[in-house]
file entry04.tsv (TSV, C-alpha atoms and all ligand atoms)
chain	number	residue	atom	x	y	z
A	10	MET	CA	-94.10	25.11	44.72
A	11	ALA	CA	-90.79	26.80	45.47
A	12	ILE	CA	-87.63	24.76	45.18
A	13	LYS	CA	-85.85	24.48	48.52
A	14	LYS	CA	-84.47	20.97	48.82
A	15	ILE	CA	-81.82	20.13	46.23
A	16	LEU	CA	-80.43	16.64	45.65
A	17	VAL	CA	-77.06	16.65	43.86
A	18	THR	CA	-75.53	13.45	42.46
A	19	GLY	CA	-71.83	13.09	41.64
A	20	ALA	CA	-70.75	14.95	44.79
A	21	ASN	CA	-67.10	14.22	44.18
A	22	GLY	CA	-66.91	15.27	40.53
A	23	GLN	CA	-65.77	18.71	39.36
A	24	LEU	CA	-69.25	20.16	39.05
A	25	GLY	CA	-70.71	18.37	42.08
A	26	TRP	CA	-67.82	19.63	44.20
A	27	GLU	CA	-68.12	23.22	42.89
A	28	LEU	CA	-71.82	23.15	43.78
A	29	SER	CA	-70.90	22.02	47.29
A	30	GLN	CA	-68.62	25.08	47.57
A	31	LEU	CA	-71.59	27.39	46.94
A	32	THR	CA	-73.89	26.17	49.71
A	33	ALA	CA	-72.83	28.85	52.19
A	34	ILE	CA	-73.75	31.57	49.66
A	35	TYR	CA	-77.26	30.13	49.28
A	36	PRO	CA	-78.52	29.35	52.80
A	37	ALA	CA	-82.14	29.41	51.58
A	38	PHE	CA	-81.53	26.08	49.85
A	39	GLU	CA	-81.06	22.74	51.58
A	40	PHE	CA	-78.50	20.74	49.61
A	41	ILE	CA	-78.06	16.99	49.85
A	42	PHE	CA	-74.95	15.71	48.07
A	43	LEU	CA	-74.65	12.06	47.12
A	44	ASP	CA	-71.45	10.49	45.88
A	45	ARG	CA	-71.12	7.18	44.04
A	46	ILE	CA	-71.80	5.28	47.28
A	47	GLY	CA	-74.91	7.31	48.07
A	48	MET	CA	-76.34	6.89	44.58
A	49	ASP	CA	-74.65	4.56	42.11
A	50	LEU	CA	-75.80	5.45	38.61
A	51	SER	CA	-75.02	1.96	37.36
A	52	GLN	CA	-77.87	0.72	39.62
A	53	PRO	CA	-81.03	2.50	38.43
A	54	ALA	CA	-83.26	0.05	40.34
A	55	THR	CA	-82.05	1.64	43.59
A	56	PHE	CA	-83.04	5.23	42.68
A	57	GLU	CA	-86.68	5.17	43.72
A	58	LYS	CA	-85.95	4.33	47.37
A	59	ILE	CA	-83.10	6.86	47.62
A	60	ILE	CA	-85.28	9.62	46.17
A	61	ASN	CA	-88.27	8.64	48.34
A	62	ASP	CA	-86.10	8.88	51.44
A	63	ILE	CA	-84.95	12.41	50.53
A	64	LEU	CA	-87.95	13.79	48.64
A	65	PRO	CA	-86.13	16.71	47.04
A	66	ASP	CA	-87.78	19.51	45.07
A	67	ILE	CA	-85.13	19.22	42.37
A	68	ILE	CA	-82.49	16.69	41.33
A	69	ILE	CA	-79.25	18.00	39.84
A	70	ASN	CA	-77.52	15.09	38.17
A	71	THR	CA	-73.84	15.95	37.81
A	72	ALA	CA	-72.68	12.31	37.96
A	73	ALA	CA	-71.69	10.77	34.65
A	74	TYR	CA	-69.40	8.30	33.00
A	75	THR	CA	-66.85	10.83	31.71
A	76	ALA	CA	-63.87	8.65	30.69
A	77	VAL	CA	-64.10	9.46	26.97
A	78	ASP	CA	-61.50	6.96	25.72
A	79	LYS	CA	-62.46	4.14	28.12
A	80	ALA	CA	-66.09	4.46	26.98
A	81	GLU	CA	-65.04	2.89	23.67
A	82	THR	CA	-64.48	-0.42	25.47
A	83	GLU	CA	-66.96	0.06	28.36
A	84	LYS	CA	-69.95	0.76	26.13
A	85	GLU	CA	-72.49	-1.02	28.30
A	86	LEU	CA	-71.48	0.69	31.55
A	87	SER	CA	-71.25	4.15	29.93
A	88	HIS	CA	-74.66	3.61	28.33
A	89	THR	CA	-76.20	2.54	31.66
A	90	VAL	CA	-74.76	5.53	33.57
A	91	ASN	CA	-75.20	8.20	30.88
A	92	ALA	CA	-78.47	7.07	29.31
A	93	ILE	CA	-80.49	4.45	31.25
A	94	ALA	CA	-79.84	6.08	34.65
A	95	VAL	CA	-80.62	9.56	33.32
A	96	GLY	CA	-83.90	8.26	31.90
A	97	ALA	CA	-84.77	6.64	35.23
A	98	LEU	CA	-84.06	9.86	37.14
A	99	ALA	CA	-86.18	11.83	34.66
A	100	ARG	CA	-89.06	9.35	34.96
A	101	ILE	CA	-89.04	9.27	38.78
A	102	SER	CA	-88.78	13.08	38.85
A	103	LYS	CA	-91.85	13.40	36.67
A	104	GLN	CA	-93.83	10.88	38.77
A	105	LYS	CA	-93.04	12.76	41.98
A	106	GLY	CA	-93.30	16.34	40.71
A	107	ILE	CA	-89.56	16.90	41.13
A	108	ARG	CA	-87.68	19.17	38.68
A	109	PHE	CA	-84.72	17.53	36.95
A	110	ILE	CA	-81.47	19.04	35.71
A	111	THR	CA	-78.82	16.97	33.97
A	112	TYR	CA	-75.73	17.73	31.88
A	113	SER	CA	-74.54	16.75	28.47
A	114	THR	CA	-71.60	17.46	26.23
A	115	ASP	CA	-70.32	19.18	23.09
A	116	TYR	CA	-69.30	15.65	22.01
A	117	VAL	CA	-72.91	14.94	20.95
A	118	PHE	CA	-72.14	16.92	17.79
A	119	SER	CA	-70.43	15.84	14.58
A	120	GLY	CA	-67.49	18.23	14.91
A	121	VAL	CA	-68.06	19.43	11.38
A	122	SER	CA	-69.05	23.10	11.41
A	123	SER	CA	-67.53	26.52	11.17
A	124	THR	CA	-70.19	28.23	13.30
A	125	PRO	CA	-71.12	27.50	16.94
A	126	PHE	CA	-73.61	24.68	17.56
A	127	LEU	CA	-77.10	25.77	18.62
A	128	PRO	CA	-79.07	23.74	21.21
A	129	ASP	CA	-81.38	22.35	18.51
A	130	THR	CA	-78.61	21.24	16.13
A	131	LEU	CA	-78.88	17.61	14.97
A	132	LEU	CA	-77.04	15.18	17.26
A	133	GLN	CA	-74.34	13.20	15.41
A	134	PRO	CA	-71.87	11.90	17.99
A	135	ILE	CA	-68.62	10.46	16.67
A	136	ASN	CA	-67.61	8.45	19.74
A	137	SER	CA	-69.16	6.11	22.28
A	138	TYR	CA	-69.21	8.65	25.13
A	139	GLY	CA	-71.00	11.17	22.89
A	140	SER	CA	-73.50	8.51	21.83
A	141	SER	CA	-74.27	7.59	25.45
A	142	LYS	CA	-74.81	11.24	26.36
A	143	ALA	CA	-76.97	11.89	23.27
A	144	GLU	CA	-79.06	8.86	24.20
A	145	GLY	CA	-79.36	10.19	27.77
A	146	GLU	CA	-80.67	13.52	26.47
A	147	LYS	CA	-83.31	11.83	24.33
A	148	ILE	CA	-84.50	9.48	27.08
A	149	ALA	CA	-84.62	12.30	29.64
A	150	LEU	CA	-86.83	14.43	27.40
A	151	ALA	CA	-89.02	11.46	26.41
A	152	GLU	CA	-89.57	10.50	30.07
A	153	ASN	CA	-89.98	14.05	31.35
A	154	ALA	CA	-90.42	16.91	28.89
A	155	ALA	CA	-89.71	19.39	31.69
A	156	SER	CA	-86.15	18.04	32.09
A	157	ILE	CA	-83.44	20.68	31.84
A	158	ILE	CA	-80.38	19.53	29.92
A	159	ILE	CA	-77.28	21.70	30.01
A	160	ARG	CA	-74.62	20.85	27.46
A	161	THR	CA	-71.16	22.01	28.41
A	162	SER	CA	-67.61	21.55	27.16
A	163	TRP	CA	-63.94	21.27	28.20
A	164	VAL	CA	-64.74	21.46	31.95
A	165	PHE	CA	-62.01	22.41	34.43
A	166	SER	CA	-61.86	23.07	38.16
A	167	SER	CA	-59.35	23.23	41.00
A	168	HIS	CA	-60.93	19.93	42.11
A	169	GLY	CA	-60.84	16.59	40.31
A	170	ASN	CA	-59.23	15.46	37.10
A	171	ASN	CA	-59.04	17.85	34.17
A	172	PHE	CA	-56.87	19.31	31.42
A	173	VAL	CA	-55.67	22.25	33.54
A	174	LYS	CA	-54.33	20.10	36.37
A	175	THR	CA	-52.85	17.53	33.98
A	176	MET	CA	-51.08	20.25	32.00
A	177	ILE	CA	-49.60	21.88	35.11
A	178	ARG	CA	-48.31	18.49	36.31
A	179	LEU	CA	-46.83	17.53	32.94
A	180	MET	CA	-45.31	20.98	32.34
A	181	LYS	CA	-43.51	20.66	35.69
A	182	GLU	CA	-42.25	17.16	34.83
A	183	ARG	CA	-41.19	17.66	31.20
A	184	GLU	CA	-39.21	20.11	29.14
A	185	GLN	CA	-41.40	19.77	26.06
A	186	LEU	CA	-45.06	18.89	25.49
A	187	LYS	CA	-46.97	18.27	22.27
A	188	ILE	CA	-50.58	19.50	22.35
A	189	VAL	CA	-53.32	19.14	19.76
A	190	GLY	CA	-53.85	22.48	18.03
A	191	ASP	CA	-56.63	21.74	15.54
A	192	GLN	CA	-59.59	21.00	17.84
A	193	HIS	CA	-61.73	24.04	18.64
A	194	GLY	CA	-63.99	24.43	21.67
A	195	ARG	CA	-64.97	26.52	24.68
A	196	PRO	CA	-63.41	25.77	28.08
A	197	THR	CA	-65.79	25.88	31.05
A	198	TYR	CA	-64.92	26.62	34.67
A	199	ALA	CA	-67.08	24.23	36.70
A	200	ARG	CA	-67.59	26.96	39.30
A	201	ASP	CA	-69.19	29.24	36.68
A	202	LEU	CA	-71.41	26.38	35.52
A	203	ALA	CA	-72.39	25.66	39.14
A	204	MET	CA	-73.38	29.33	39.61
A	205	ALA	CA	-75.42	29.26	36.38
A	206	THR	CA	-77.18	26.14	37.64
A	207	ILE	CA	-78.20	27.95	40.83
A	208	LYS	CA	-79.41	30.86	38.67
A	209	ILE	CA	-81.67	28.40	36.85
A	210	ILE	CA	-83.18	27.27	40.15
A	211	GLU	CA	-83.69	30.88	41.22
A	212	ALA	CA	-85.37	31.58	37.87
A	213	LEU	CA	-87.64	28.54	38.31
A	214	ASN	CA	-88.57	29.88	41.74
A	215	THR	CA	-89.71	33.14	40.16
A	216	GLY	CA	-92.04	31.14	37.90
A	217	LYS	CA	-89.91	31.34	34.77
A	218	ASN	CA	-90.54	28.56	32.28
A	219	ILE	CA	-87.20	26.83	31.80
A	220	GLN	CA	-87.05	23.39	30.24
A	221	GLY	CA	-85.32	21.57	27.41
A	222	VAL	CA	-81.78	21.91	26.13
A	223	TYR	CA	-79.35	24.74	26.96
A	224	HIS	CA	-75.67	25.33	26.28
A	225	TYR	CA	-73.28	26.73	28.88
A	226	ALA	CA	-69.54	27.29	28.36
A	227	ASN	CA	-67.22	30.19	29.12
A	228	THR	CA	-67.00	32.76	26.34
A	229	GLY	CA	-64.19	32.72	23.80
A	230	ALA	CA	-63.36	29.73	21.63
A	231	THR	CA	-59.87	28.28	21.64
A	232	THR	CA	-57.80	25.16	20.88
A	233	TRP	CA	-56.24	22.71	23.35
A	234	TYR	CA	-52.83	24.13	22.35
A	235	GLN	CA	-53.86	27.74	23.05
A	236	PHE	CA	-55.56	26.59	26.27
A	237	ALA	CA	-52.28	24.93	27.35
A	238	ALA	CA	-50.30	28.05	26.40
A	239	LYS	CA	-52.53	30.19	28.64
A	240	ILE	CA	-52.21	27.67	31.50
A	241	LYS	CA	-48.42	27.81	31.09
A	242	ALA	CA	-48.39	31.63	31.19
A	243	LEU	CA	-50.73	31.90	34.19
A	244	ALA	CA	-48.91	29.18	36.16
A	245	GLY	CA	-45.51	30.74	35.32
A	246	LEU	CA	-44.09	27.53	33.82
A	247	SER	CA	-41.34	27.23	31.22
A	248	CYS	CA	-42.04	23.95	29.38
A	249	GLU	CA	-41.83	24.23	25.58
A	250	LEU	CA	-45.21	23.62	23.90
A	251	ILE	CA	-45.51	22.28	20.37
A	252	ALA	CA	-48.80	22.33	18.46
A	253	ILE	CA	-49.61	19.03	16.71
A	254	THR	CA	-52.54	17.79	14.65
A	255	THR	CA	-55.26	15.37	15.76
A	256	ALA	CA	-53.82	12.84	13.29
A	257	GLU	CA	-50.48	13.03	15.11
A	258	PHE	CA	-52.16	12.18	18.46
A	259	PRO	CA	-54.37	9.13	17.92
A	260	THR	CA	-56.78	8.28	20.75
A	261	PRO	CA	-59.21	5.35	21.19
A	262	ALA	CA	-62.17	7.75	20.90
A	263	ALA	CA	-62.41	10.13	17.95
A	264	ARG	CA	-62.58	13.82	18.95
A	265	PRO	CA	-64.63	16.47	17.12
A	266	GLY	CA	-62.50	19.04	15.33
A	267	TYR	CA	-64.97	21.80	16.11
A	268	SER	CA	-67.37	21.69	19.07
A	269	VAL	CA	-67.92	25.35	19.92
A	270	LEU	CA	-71.28	25.77	21.70
A	271	ASP	CA	-73.57	28.73	21.11
A	272	THR	CA	-74.69	29.92	24.55
A	273	GLN	CA	-76.98	32.80	23.55
A	274	LYS	CA	-80.15	30.99	24.69
A	275	ILE	CA	-79.09	30.60	28.33
A	276	GLU	CA	-77.62	34.12	28.38
A	277	ASN	CA	-80.92	35.58	27.17
A	278	GLU	CA	-83.26	33.46	29.31
A	279	LEU	CA	-81.32	33.93	32.55
A	280	SER	CA	-80.12	37.48	31.75
A	281	ILE	CA	-76.57	36.46	32.60
A	282	THR	CA	-73.19	37.48	31.26
A	283	ILE	CA	-70.92	34.46	30.97
A	284	PRO	CA	-67.31	35.07	32.06
A	285	ASN	CA	-64.48	34.78	29.56
A	286	TRP	CA	-62.55	31.49	29.83
A	287	GLU	CA	-59.20	33.20	30.33
A	288	ASN	CA	-60.44	35.18	33.35
A	289	SER	CA	-62.03	32.07	34.85
A	290	LEU	CA	-58.88	30.06	34.20
A	291	GLU	CA	-56.90	32.70	36.09
A	292	GLN	CA	-59.23	32.31	39.09
A	293	CYS	CA	-58.90	28.53	38.96
A	294	ILE	CA	-55.11	28.66	38.80
A	295	GLN	CA	-54.99	31.14	41.69
A	296	LYS	CA	-56.98	28.60	43.76
A	297	LEU	CA	-54.60	25.82	42.76
A	298	SER	CA	-51.58	27.78	43.95
B	301	LIG	N1	-65.40	17.02	32.23
B	301	LIG	C1	-65.65	17.55	31.04
B	301	LIG	O1	-64.75	18.05	30.34
B	301	LIG	C2	-67.06	17.59	30.50
B	301	LIG	C3	-67.27	18.07	29.19
B	301	LIG	C4	-68.57	18.10	28.69
B	301	LIG	C5	-69.62	17.68	29.49
B	301	LIG	N2	-69.39	17.20	30.73
B	301	LIG	C6	-70.53	16.75	31.52
B	301	LIG	O2	-70.68	17.61	32.63
B	301	LIG	C7	-71.17	16.88	33.76
B	301	LIG	C8	-70.25	17.10	34.95
B	301	LIG	O3	-68.98	16.60	34.61
B	301	LIG	P1	-67.72	16.71	35.57
B	301	LIG	O4	-66.66	17.40	34.80
B	301	LIG	O5	-68.11	17.23	36.91
B	301	LIG	O6	-67.34	15.17	35.63
B	301	LIG	P2	-66.29	14.45	36.57
B	301	LIG	O7	-65.42	15.43	37.26
B	301	LIG	O8	-65.66	13.39	35.74
B	301	LIG	O9	-67.19	13.79	37.67
B	301	LIG	C9	-68.09	12.78	37.35
B	301	LIG	C10	-68.61	12.22	38.63
B	301	LIG	O10	-69.50	11.16	38.30
B	301	LIG	C11	-69.28	10.14	39.21
B	301	LIG	N3	-69.66	8.85	38.69
B	301	LIG	C12	-69.13	8.14	37.66
B	301	LIG	N4	-69.76	6.96	37.55
B	301	LIG	C13	-70.69	6.93	38.53
B	301	LIG	C14	-71.64	5.99	38.94
B	301	LIG	N5	-71.76	4.79	38.35
B	301	LIG	N6	-72.46	6.30	39.97
B	301	LIG	C15	-72.34	7.48	40.61
B	301	LIG	N7	-71.45	8.41	40.29
B	301	LIG	C16	-70.63	8.14	39.25
B	301	LIG	C17	-67.80	10.15	39.52
B	301	LIG	O11	-67.63	9.50	40.74
B	301	LIG	P3	-66.19	9.20	41.38
B	301	LIG	O12	-65.72	10.51	41.91
B	301	LIG	O13	-66.49	8.20	42.44
B	301	LIG	O14	-65.36	8.65	40.26
B	301	LIG	C18	-67.51	11.63	39.54
B	301	LIG	O15	-67.64	12.15	40.84
B	301	LIG	C19	-71.27	15.43	33.28
B	301	LIG	O16	-72.57	15.17	32.83
B	301	LIG	C20	-70.33	15.36	32.09
B	301	LIG	O17	-70.69	14.35	31.17
B	301	LIG	C21	-68.13	17.18	31.26

call {"tool": "encode", "arguments": {"input": "entry04.tsv", "output": "structure tokens"}}
result
Amino acid sequence: MAIKKILVTGANGQLGWELSQLTAIYPAFEFIFLDRIGMDLSQPATFEKIINDILPDIIINTAAYTAVDKAETEKELSHTVNAIAVGALARISKQKGIRFITYSTDYVFSGVSSTPFLPDTLLQPINSYGSSKAEGEKIALAENAASIIIRTSWVFSSHGNNFVKTMIRLMKEREQLKIVGDQHGRPTYARDLAMATIKIIEALNTGKNIQGVYHYANTGATTWYQFAAKIKALAGLSCELIAITTAEFPTPAARPGYSVLDTQKIENELSITIPNWENSLEQCIQKLS
């Protein structure tokens, strides 16, 4: 059965919003976007009725509890939204013959490596958010082996809350900013991830067997400091940036020192070339201005 009707949760998040910006390019698909009011992921008992009323061919779950530091104190809520709800969506999808795509994070990994993490690397989260997402992955696959889980990292967009927008605001307000320079990862433009998600659906429609865990992030690894320096250059700002260590910037949730994702699997299976993060950042900043 070809996928036509697409239910997207988290309509107001970065990724949900970027997907909503693509609908005009893909008129063959019927998209239904639900925000927190339309589908509250803290209320899994309500899912069945909502899904029955819509009867989509695929569910794209972009909604998540993404407040990394707050998750240390809101463990129960983050676990419900990122694990229990994901499991419920996977189970209902399997029962009704609906395909299921959900997203996870580079924070499921230990942070201890010098080579990019492969999709089948052992999960060893070092904070509560990472644990809730790792749990969500496991439950999704246990409930529905055909689930598609896309791990991503350092997501930014012209919409919503993210590092790029925070940096531009702070660099306008302050003369000097200290940025962590010893955490390594791959920034991801939510628009590029949204396009890759549509490519997955198109591939499914051609009969390609896609299931399990994938990694998607823009190419080129960097640090938060270098990311900020590029934002500064592209936005034409003059704030002085100082690189500091993780130890000099304590946060409630521990951050992995190295969380670079290896994206070869998705590149090969979808035959896509992933854009470089600096080029995608330039596009994002052009939109912001
Ligand atoms: N952001 C990142 O840097 C990052 C990094 C790695 C992985 N990821 C993963 O990538 C996916 C997309 O992330 P994103 O960047 O688009 O996140 P985002 O911008 O933070 O958006 C998350 C969305 O989830 C919604 N949400 C939160 N709790 C909810 C609930 N109880 N019920 C329904 N909706 C709820 C939020 O609703 P409101 O708008 O009402 O608050 C928001 O629209 C997520 O799975 C995330 O874990 C993100």

call {"tool": "closest_atom_pairs", "arguments": {"input": "entry04.tsv", "of": "chain A", "to": "ligand LIG 301 (chain B)", "cutoff": "7 Å", "atoms": "all atoms listed in the file", "output": "Markdown table"}}
result
| residue | atom | partner | partner_atom | distance |
| --- | --- | --- | --- | --- |
| A:Thr18 | CA | B:LIG301 | N7 | 6.8 |
| A:Gly19 | CA | B:LIG301 | O15 | 4.4 |
| A:Ala20 | CA | B:LIG301 | O15 | 5.8 |
| A:Asn21 | CA | B:LIG301 | O15 | 4.0 |
| A:Gly22 | CA | B:LIG301 | O15 | 3.2 |
| A:Gln23 | CA | B:LIG301 | O5 | 3.7 |
| A:Leu24 | CA | B:LIG301 | O5 | 3.8 |
| A:Gly25 | CA | B:LIG301 | O5 | 5.9 |
| A:Asp44 | CA | B:LIG301 | N7 | 6.0 |
| A:Arg45 | CA | B:LIG301 | C15 | 3.7 |
| A:Met48 | CA | B:LIG301 | C15 | 5.7 |
| A:Asp49 | CA | B:LIG301 | N6 | 3.5 |
| A:Leu50 | CA | B:LIG301 | N6 | 3.7 |
| A:Ser51 | CA | B:LIG301 | N5 | 4.4 |
| A:Thr71 | CA | B:LIG301 | C8 | 4.7 |
| A:Ala72 | CA | B:LIG301 | O10 | 3.4 |
| A:Ala73 | CA | B:LIG301 | O10 | 4.3 |
| A:Tyr74 | CA | B:LIG301 | C12 | 4.7 |
| A:Thr75 | CA | B:LIG301 | O8 | 4.9 |
| A:Val90 | CA | B:LIG301 | N5 | 5.7 |
| A:Thr111 | CA | B:LIG301 | O16 | 6.6 |
| A:Tyr112 | CA | B:LIG301 | O16 | 4.2 |
| A:Ser113 | CA | B:LIG301 | C6 | 5.0 |
| A:Thr114 | CA | B:LIG301 | C5 | 3.8 |
| A:Asp115 | CA | B:LIG301 | C4 | 6.0 |
| A:Arg160 | CA | B:LIG301 | C5 | 6.3 |
| A:Thr161 | CA | B:LIG301 | C4 | 4.7 |
| A:Ser162 | CA | B:LIG301 | C4 | 3.9 |
| A:Trp163 | CA | B:LIG301 | O1 | 4.0 |
| A:Val164 | CA | B:LIG301 | O1 | 3.8 |
| A:Phe165 | CA | B:LIG301 | O1 | 6.6 |
| A:Gly169 | CA | B:LIG301 | O7 | 5.6 |
| A:Asn170 | CA | B:LIG301 | O7 | 6.2 |
| A:Asn171 | CA | B:LIG301 | N1 | 6.7 |

call {"tool": "residues_around", "arguments": {"input": "entry04.tsv", "residues": "range 226-232 of chain A", "least_positions_apart": "4", "cutoff": "10 Å", "atoms": "all atoms listed in the file", "output": "MDAnalysis selection string"}}
result
chainID A and resid 115 125 159:164 188:199 201:202 236:238 252 266:272 282:290

call {"tool": "atom_distance", "arguments": {"input": "entry04.tsv", "atom1": "CA of Lys274 in chain A", "atom2": "CA of Arg200 in chain A"}}
result
19.7 Å

call {"tool": "residues_near_point", "arguments": {"input": "entry04.tsv", "point": "(-65.4, 12.9, 24.9)", "cutoff": "8 Å", "atoms": "all atoms listed in the file", "output": "VMD selection string"}}
result
chain A and resid 75 to 78 114 116 136 138 to 139 262 264

call {"tool": "residues_around", "arguments": {"input": "entry04.tsv", "residues": "Ile210 in chain A", "least_positions_apart": "6", "cutoff": "12 Å", "atoms": "only C-alpha atoms", "output": "list in words"}}
result
Ala11, Ile12, Lys13, Lys14, Ile15, Tyr35, Ala37, Phe38, Asp66, Ile67, Ile68, Ile69, Arg108, Phe109, Ile110, Ile157, Ala203, Met204, Gly216, Lys217, Asn218, Ile219, Gln220 and Leu279 of chain A

call {"tool": "closest_residue", "arguments": {"input": "entry04.tsv", "among": "A:Ile93, A:Val173, A:Ile251, A:Ala212", "to": "Cys293 in chain A", "atoms": "only C-alpha atoms"}}
result
A:Val173

call {"tool": "residues_near_point", "arguments": {"input": "entry04.tsv", "point": "(-82.6, 2.3, 38.2)", "cutoff": "12 Å", "atoms": "only C-alpha atoms", "output": "PyMOL selection string"}}
result
chain A and resi 48-60+89-101

call {"tool": "axis_aligned_box", "arguments": {"input": "entry04.tsv", "around": "range 238-250 of chain A", "padding_each_side": "3 Å", "output": "JSON"}}
result
{"center_x": -46.9, "center_y": 27.8, "center_z": 30.0, "size_x": 17.2, "size_y": 14.3, "size_z": 18.3}

call {"tool": "residues_around", "arguments": {"input": "entry04.tsv", "residues": "Lys187 in chain A", "least_positions_apart": "2", "cutoff": "12 Å", "atoms": "all atoms listed in the file", "output": "JSON, numbers by chain"}}
result
{"A": [176, 179, 180, 183, 184, 185, 189, 190, 233, 234, 235, 237, 238, 248, 249, 250, 251, 252, 253, 254, 255, 257, 258]}

call {"tool": "atom_distance", "arguments": {"input": "entry04.tsv", "atom1": "CA of Lys105 in chain A", "atom2": "CA of Ser140 in chain A"}}
result
28.4 Å
